[in-house]
Structures are given as C-alpha cells and as structure tokens.
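So the structure is just underneath, and the comments pick up after that.
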Amino acid sequence: MTRPGAAGLIWALLVIIAAGIAARATYTADLSAFLPRSPSATQRLLIEQLRAGPAARLILVALEGADARTRARLSVQLARELRSDPRFIAVNNGDAASLERDREFLFRHRYLLSETVTPQRFTVAGLHAAIADSLDLLTSPEGALLKPLFTRDPTGEMLGILEALGPARGPRTTEGVWSSRDGAQALLIAQTRAAGSDTDAQQAACEAIRRAFTASLAAIPAADRRGTALLMSGPPVFAVASRALIKGEVMRLSGVSAALVALLLLSVYRSLPALLLTLVPVASGALAGVAAVALGFDAVHGITLGFGITLIGEAVDYSIYLFVQSAAHWRHSVWPTIRLGVLTSICGFAALLPSAFPGLAQLGLYSVTGLVAAALVTRFVLPGWLPRSLAIRDLSAPGERLARALQQLRRVRGALVLVPLLAGAALYVHRGTLWNRELSALNPIPAADQALDERLRAEAGAPDVRYVIVASAPERESALADAHTLGALLTPLIDQGVIGGFESPARYLPPLAVQRARQSSLPAPPELSARLQQAVAGLPVSAARLQPFLLDVERARTAPPLTSTDLEGTSLAAAVEGLLVRSAGGWAALLPVYAVASADLSASAVARVRAALARETSVHAVLLDLQGEANRLYSGYLSEAVQLAITGFCAIVLLLSVALRSFARVTRVVAPLALSVLAVAGLLVALGERLTILHVVGMLLIVAVGSNYALFFDRSAQPSQGSVPLTLASLLIANIATVLTFSVLACSRVTVLADLGSTVAPGTLLALLFSALLARPPPAPPAAAPTGAS
Amino acid sequence: MRRRRWGVGVLTLVLAAACAAAEQTTAPPAFDEVLKLLAARRHGHVTFTEVQQLAMLDRPLQSSGELLYEAPDRLEKRTLRPQAQTLILEHDVLTARRGRRTHVMELRDYPQVVPFIESIRATLAGDRAALERFFRVQFDGTLAAWTLLLVPVDATLAGAVKDIRIEGERDAIRTVEIRQSDGDRSLLSIGPEVPR
C-alpha cells in the first residue's frame, strides 16, 4: 500500500484525539435521550415536569418483614434519620407527630388560609349563619371533629380548610404509621431536593435511604427484625436503576458479543494476528463514533453506546472481506464493493441525523462516523500492517462447497414468492395492532418493578399525576397569585363533578395580596365583639363562651403574613416546594388535577377545564396531560422514524442507481433487502410483537448491512471479479458475526436493545439468504473461477 | 382524636339503625331472645329525635329525621331538621352527605371503629359472643322496661366513650344514650315506624 507509514501516523493521531474527546465526554442514562431536541412550548413544559416536577422526585418506600410493631418502629426511626438529611425536602410516614404539626399549622393560620374569610363572613348576619352552621355540624360525625375547636373556631374555618384539601387520600394507618392496605408493609414517602433528572443526586438519595434503613435496623433487637426488607420505587429509583441496568447491559453485551465474534474469527482464521488486526477497524470506529457524538451532543447517552454494539456487527465485516477475499483483489474489486456498501449504510444512517429524537440522531451520527472510520482504517491502515507471513486458513474448499449448496438452493427460489405473501398477510391481519405508540414501549424498567410501583402508589394514595395545570409567571409571588386565581376557577368544577379535585400551592401559602385581603376582612376587637353579641342572638351559645374566638381573630388580624419559612417543619412545605418551581420563563405554579373516580379525565372534562382556563385571560396557564403528551411525543418520533427510514431507503436506491447504472442490477440488490425487511416485520408481528421505533431502526440496519451482501453477489455476477467461493465464504462469516452480535443484543433486558437485536439478527440472516437466491448466477462455473489467495 | 370522634358518630348511626330494626318486634325480655328477633328483622324504617348536650352550649342541640335499615349491612341516618344531612353505612364504607358535599370514608382505615361496627353487626345477627368481645355487657330490668349497658373494653375507645345505654320496653328499643368521657352526652329517641 502507498505510504502505509503516513496512514498509520494519521490514524494514531486521530485515535489519540478521539480518545481524549471520549474520555472527557459526559455520559447519561436519563430521559434526555427520549426528549425532543427542539421542543414545542407544551413539550417544554412536559420535559420540565418529567425532569423537575414533584412527581419525578417522589421515592416510595415500603418496609416489610418482622411484625407490625417492629415495622412501625423502623418507620419512625427511618423517617427521623431521613428528615435530618438535607437531600430530602419531605419525609412522610403518617406518624401522629407530623400529622399533628400539619393540623396545628393549618389551625393556627386558619384565618389567613381559609377561602371563606371574607368581609361578609364577619358581619352580624355572616357570623350568625356561620355559627349556626357549625352548631348543625356538631350533631354529625364531622361535628365531633369540630367540637374541641368550637370555642376558638365557631365559624368552622378549620373544617373549611380540611374540606378544601380534599378527602384524605393517605394510606391506612397501622401501629401509628402508614401501612399498606393489608397492613403487611409500613409505607413512607420521601421527596428529594434534587430534580428528577439529576441521576447522580437521585442515586445518592437512594443510597442514603438504604444506609438510613441499615442504621435504623441496628437500633432494633436482632430477634425482632427477622426478615425485614426495604423496597423502594418511584421515578428517582427507576432513573438510577435504568442507568445501572443500561450501563451493566452495555458492558455485558459488548463483552459477550466481542468474545463470540473473536471466537468465531479465531476458529475461521486460525491466526491470532489476523484476529487482532480485525479488531482494529472495529475499535477505531467505535472510538470515532463516541467522539463524534460527544462533539455533536451535550451528552452521550448510554443507549447510544448500546447501539454501538451494532457497529461490531458491521465494521467487523470489512476486515473479514479483506482477509478472506485476499489482499490481491482488495484494491481493485473488494474495496470498491465495500466502498459502495459503506456509502449505502451511510445513506441509511444519515437519514436519522435530522431526527428530533436525540436517541435516534445520536445513533445516526455514531453509526455514520463509526462506519466511515472503520472502513477507512480497513482501506488505508490495515493493509499496510498485514505481515507478509500472515497466513489465515484457506477457505476456498468450504467456499466451493457453499457455492454448490447455493446452486441447489437456487432451484427452489421460486418459493420466495411466498415471502411477501405470508408477510403481507401477517401485517394485514395485525394491521390494527401494528405499532406500539406508547412511550412505555421504551421503558427499560422490568414489568415486575413497574407493577410494584403501581401497587405502592395505590397503597400510598400517591396517584400517578397525569394532569397538571401549569401556570407560568415571571415571579414566584405572581405564580402563587395565578395559582390562587385558578383555584377559584377549578372549585366550581369540583362541585359540578367535572373533576374530582386539585392541588394548589396557594392553599398552603396564599399570595400576599390574598392574605392581606383576608386580614382586612377581620374586624377589630371591639367591633367583632359587638357583632358577635348580636350574632349569637337566638343561638344556643353565648358570646362569653366564644372569647377564645375573639383572641384568635385578633392574633390573625395583626399577624405578619405567612411566608414559606412558616411552613418549615410541616409536610406542607414540601407541597409548596413541589408545586411552585422555577421554570425557563421564571416561575411556574403546578396544579395537579384529579379525576372524579378513575385516573383519567374524560375528554369532555379536559375540554371544560381547558375552556375555564381560556376564559381567565389574566393567567397564562395550560392543562398538561403528561401521559398523553408523552405518548404523543413518542408517537411523533415513531412516525418520524418511519419517514426517515423510508427516506434513507430511497437514498440508498438512488445511490445504487447512480453507482450501478443498471435497473436490473439495482433491482437485484434492493429486492432481497426489501424482502428481508418485509419478512422480519411479518415475523415479529405474527409473533405478537407490536412494532416500536427500535424495530424501525433495526429494519434500516438490515438494509444497511444487507446491502453489503447484495452488492458482493452483484459483483460476483460480473465477469472476472475475484473468487466466488471466497466471496461466499467471507459473506457467510461476516453474516454469522453479525447474527451473533445481534442475537446477543436480542437477549438484553433493556427493551430498546432487545427490539433492535430481535429485528436485525433474523433480518441480516434472511438478507444474505435472499441475496444469494436472487443474485444472477456467476458467469462461469465456480470451479473454473480463479481460486483463492494467490 | 379525629378518628375516635368519627367512631362516636358511626356508633350513633349503627345503634340507631339497630333500634330501627328492633322496632315493633315481639320479643321476650331475655337478651338472647332480643338478639334473635333483631336478627330476624330484614328491614326497618323509623323516625328519631336526637338531643345532644354539650357542656359548652347553653342549650341542647336538637335534631330529627328518619332511620333506615336493610339487612344485612346497610344503615342510613337521614337527618331532616334543622339541616338536611345523610349518613350512610354500607358494607364497610361510610358516606356523609351534607349540602352538595359528600365525604366517603372506608371503615378499614379506621380500625378503632371496627369493633363497634362488628359488635353492632353481631348484635343484629344475634351473636352475643362477638358483642362481648368489644364491650362489657350488662342486661338489666324487666320485660316491661329493660336496659342494656355497654362499656367499651378497648382503652382508646374508652377514652372517648364512657358508656352506651340502650333502653327498651318489652320488644321495642326506645332510647340510645351515649355518654362521652368529657361529660357531653347524646340521647336518641326512637319514634314510630314510618309507613312503607
């Protein structure tokens, strides 16, 4: 080869640079791979919610084993440990002390918190009506609750507040702490300070819980704590687990496929140097791919590295062709074919580059760069390194046997007609359930863990927040004011049965102006005393008994307004912190909305909430359907991926048309690829799979890899283009390597990787078979062709 | 605190319903016979008046309405005056309706209340043993005027309710009086059967 030294030098330099970039790159495994690169306004809100929203920071903890009393002790101890940990803004376990703190806060500040505090309420008539109402209530079970508070709160503000907070959705209580319905598990809910997207911080939080559990356990006699176990769930736990899972899978699967491919090549080559040289382009390609993604994106996603395994499958082919088909033919016949193959692959993957789905765009960039690098290294660097003494096993004999077998097989190629028929039939039968349009299709979390999460959520009364009204405002205080305004809009909707309820930060921390207005509704002591005297006329209670009421009203009238500092130490602080968040444009107030009975709002309920929001022009608020929006997002990705894949396919056909300049040859190259894609799609659907975005990418990969096979067969059909048996042998080896790699991937526990593997492994196998069957027979009988390594 | 007081309310309801069921049955004075007849009753619909005496009020609170019972476990206390409100116990779910507001609570979330409910259901089923699991039961008097005194065994319940006194004439329950530990008390008087 010309100037092998120079090529090697450039290669070495580039490797060092790429390694430097890769080493400094950020690697993530959070949601970012699935979030759009240039989101719409609604999508931006969705992303903020998924990353930083209160739901994303909730860790559900269940303690099981031992007896109820021990679990309760553990729960109390664990809560105490975690409450002193700054990583958590709130830890709730339903213990009486913290419930009492909340109630105490609400009661002390009832005249600032109650929505019923208006000037009318404190007129003679208003007081009379309110007190008469409270007296009526005293005869009901609710009244029993009111009785001890009556002399301080005869107008029933506390009950009004509790009513506005909605029915206690909390879990049941066993031995004084929250427990599951059956009482067999003690429950805690911890809210982390860090945003859900900060996986490192979430990991630290999860570890802190585990440590605190171990520490709490130590305080309990060994005999009592038998069989105790800690279960954790929630978005932070999932984020940490899926990162670990993806990381582990990527390492494990790369290792396994590399080992399998190495074993295959070693058994074929019977030469260690040849094996090592084969790995050079693969490793170079992988490194170049990572470096390119690191340069092109903020962070390299773990999933991208997982896809990177796929590179082993294709890049290793190049050196296989080089070694097996002999260096003699390399530059003049093998390389041009590989070059065209690489170009077709690039066409396919480049189509992914403009994807709004960063995961897909990263995959595209990684593959394009990786393949180019691997091909260039194979072309310019590797031949210069081939030792003259490098002798790999001569594969002419098996190649010829292969050629004869192929001739036999060609006789039945008419049966190929069945492929589009059967696949088409399968696709037609399942046409209604062809695609999986739900984002959960990409969820790497095992179903069992998702089920645990669902159960704990139901038990803990922490329903998955699906609907959130997001009110954006420039400042915190104005966001609170918006939340208050929205609350007034939503309350009638509860009464009308449109929604079941909602939460609002303004309930726990009313905006300053509202607090001032409520304070000014309270009359000064002499005035109130006089009005009360008149108000109780005809009621079975005397004004003298209600002196504590006068004192409390005066205290509230002159008190400084509530600030978030006053909330500290109560679980309400977490509610405000979670529902009042910084956002891109300043601040956002979040108002989760709950449906009446089921978890989903009906379409008409959604429309009525939206209409109510639209009427209030002073507030910039939108109702966000998190699940619907996420599914819409994913569904958008899916249609986009299909479009991009079709574009890629068209680009490949165009490229082949230009390169081969023959309609017949292009057809012979494209037909087996199209057939394999069709067959695999039919096969997957017939097996009950619903196609996801990764299946689509997999089909693109079938075309990219399969095009190499088809092109080699096309070349073999041309006169004097090297040894047909050796070409066949190299193709078979390359194919086995690819199928091995993707079969390993198909075994992954990460759904997206498994989807990819289960598409590409059978697809490339079929692509080779179909290419062989559909190729024009070589011009001369195989035996007459110039044989092997000269 | 809150739950214990709910318990008082639920208890009132259940006892009242028991009275509704017992109304106008013919039973011998023996306790077991009373229970047996209660159990035989599948349906009851009576009027009631209730007087609650609270230390902090100058006058007692009065309310009236109807009580309904459907065997085996649907009880309803329909207060008509002075303010309409409905309390329904069905299976293990207690629903309180007042104005447009409805409160629903599941009794299994309030384990302190369960002994009361179970014992009353046991009463309606004629199961004396179950009743005695939760109360010290004292049956006194003659056929013409008998008294059933129930004192909670459970300490938490005893903290809220001192005792429950049910009075009857021959086969009919006439009053249910609940005395609370803080001295407040309520007296539920059963009126005539509401014609179907």
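Ordering of the structure tokens sets the chain letters (A, B, ...), residue numbers begin anew at 1 in every chain, and ligands are numbered from 1 in the order given.
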
(message) Neighbouring residues of segment 41-54 of chain B were defined as those with any atom within 7 Å, considering only C-alpha atoms; residues of the same chain fewer than 6 positions away were excluded. Please report them as a list of chain:residue names.
(response) B:Ala20, B:Ala21, B:Pro60, B:Leu61, B:Gln62, B:Ser63, B:Ser64, B:Gly65, B:Glu66, B:Leu67, B:Leu68, B:Tyr69, B:Glu70, B:Ala71, B:Asp184, B:Arg185, B:Ser186, B:Leu187, B:Leu188, B:Ser189, B:Ile190, B:Gly191, B:Pro192, B:Glu193, B:Val194

(request) Enumerate the residues of segment 592-719 of chain A with a DSSP assignment of helix (DSSP H, G or I), computed from the backbone, and present them as a ChimeraX atom specification. (result) /A:603-615,626-660,663-686,693-716

(request) Enumerate, as a list in words, the complete set of residues in segment 478-633 of chain A that a backbone-based DSSP assignment places in strand (DSSP E). (result)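 Matching residues for strand (DSSP E) in segment 478-633 of chain A are Gly501, Phe502, Leu580, Val581, Arg582, Ser583, Gly586, Trp587, Ala588, Ala589, Leu590, Leu591, Pro592, Val593, Tyr594, His620, Ala621, Val622, Leu623, Leu624 and Asp625 of chain A.
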
(request) For Leu230 of chain A, please output as a ChimeraX atom specification all residues within 8 Å (counting only C-alpha atoms; exclusion window: fewer than 6 positions along the same chain). (result) /A:61-64,210,213

(message) So the first atom is atom CA of Tyr428 of chain A and the second is atom CA of Thr692 of chain A; what is the distance between them in Å, to one decimal place?
(response)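 Going from atom CA of Tyr428 of chain A over to atom CA of Thr692 of chain A covers 17.2 Å.
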
(message) Can you pull out the residues contacting Ala559 of chain A? Cut-off 10 Å, using only C-alpha atoms, and skip same-chain residues under 6 positions away; I want them as a PyMOL selection string.
(response) chain A and resi 109+112+519+553

(request) Would you please work out which residue, of A:Phe502, A:Tyr318, A:Trp178, A:Tyr467, is nearest to chain B when using only C-alpha atoms? (result) A:Trp178

(message) Residues within 10 Å of segment 39-52 of chain A, please, as a ChimeraX atom specification. Count only C-alpha atoms; anything in the same chain fewer than 5 positions from it doesn't count.
(response) /A:30-32,34,57,193-198,235,356,468,470,472,578,581-584,588,590,622-627,629-630,632-633

(request) Determine, counting only C-alpha atoms, which protein, DNA and RNA residues have an atom within 6 Å of an atom of Pro511 of chain A; residues of the same chain fewer than 3 positions away are not included. Present the result as a count of residues only. (result) 3

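Nearest to Ala686 of chain A of all the residues A:Gln77, A:Val429, A:Ala132, A:Gly94 is A:Val429, counting only C-alpha atoms.
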
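When atom CA of Val250 of chain A is paired with atom CA of Ser676 of chain A, their separation reads 27.1 Å.
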
(request) Find the distance between atom CA of Thr95 of chain B and atom CA of Leu135 of chain A and write it in Å to one decimal. (result) 20.3 Å
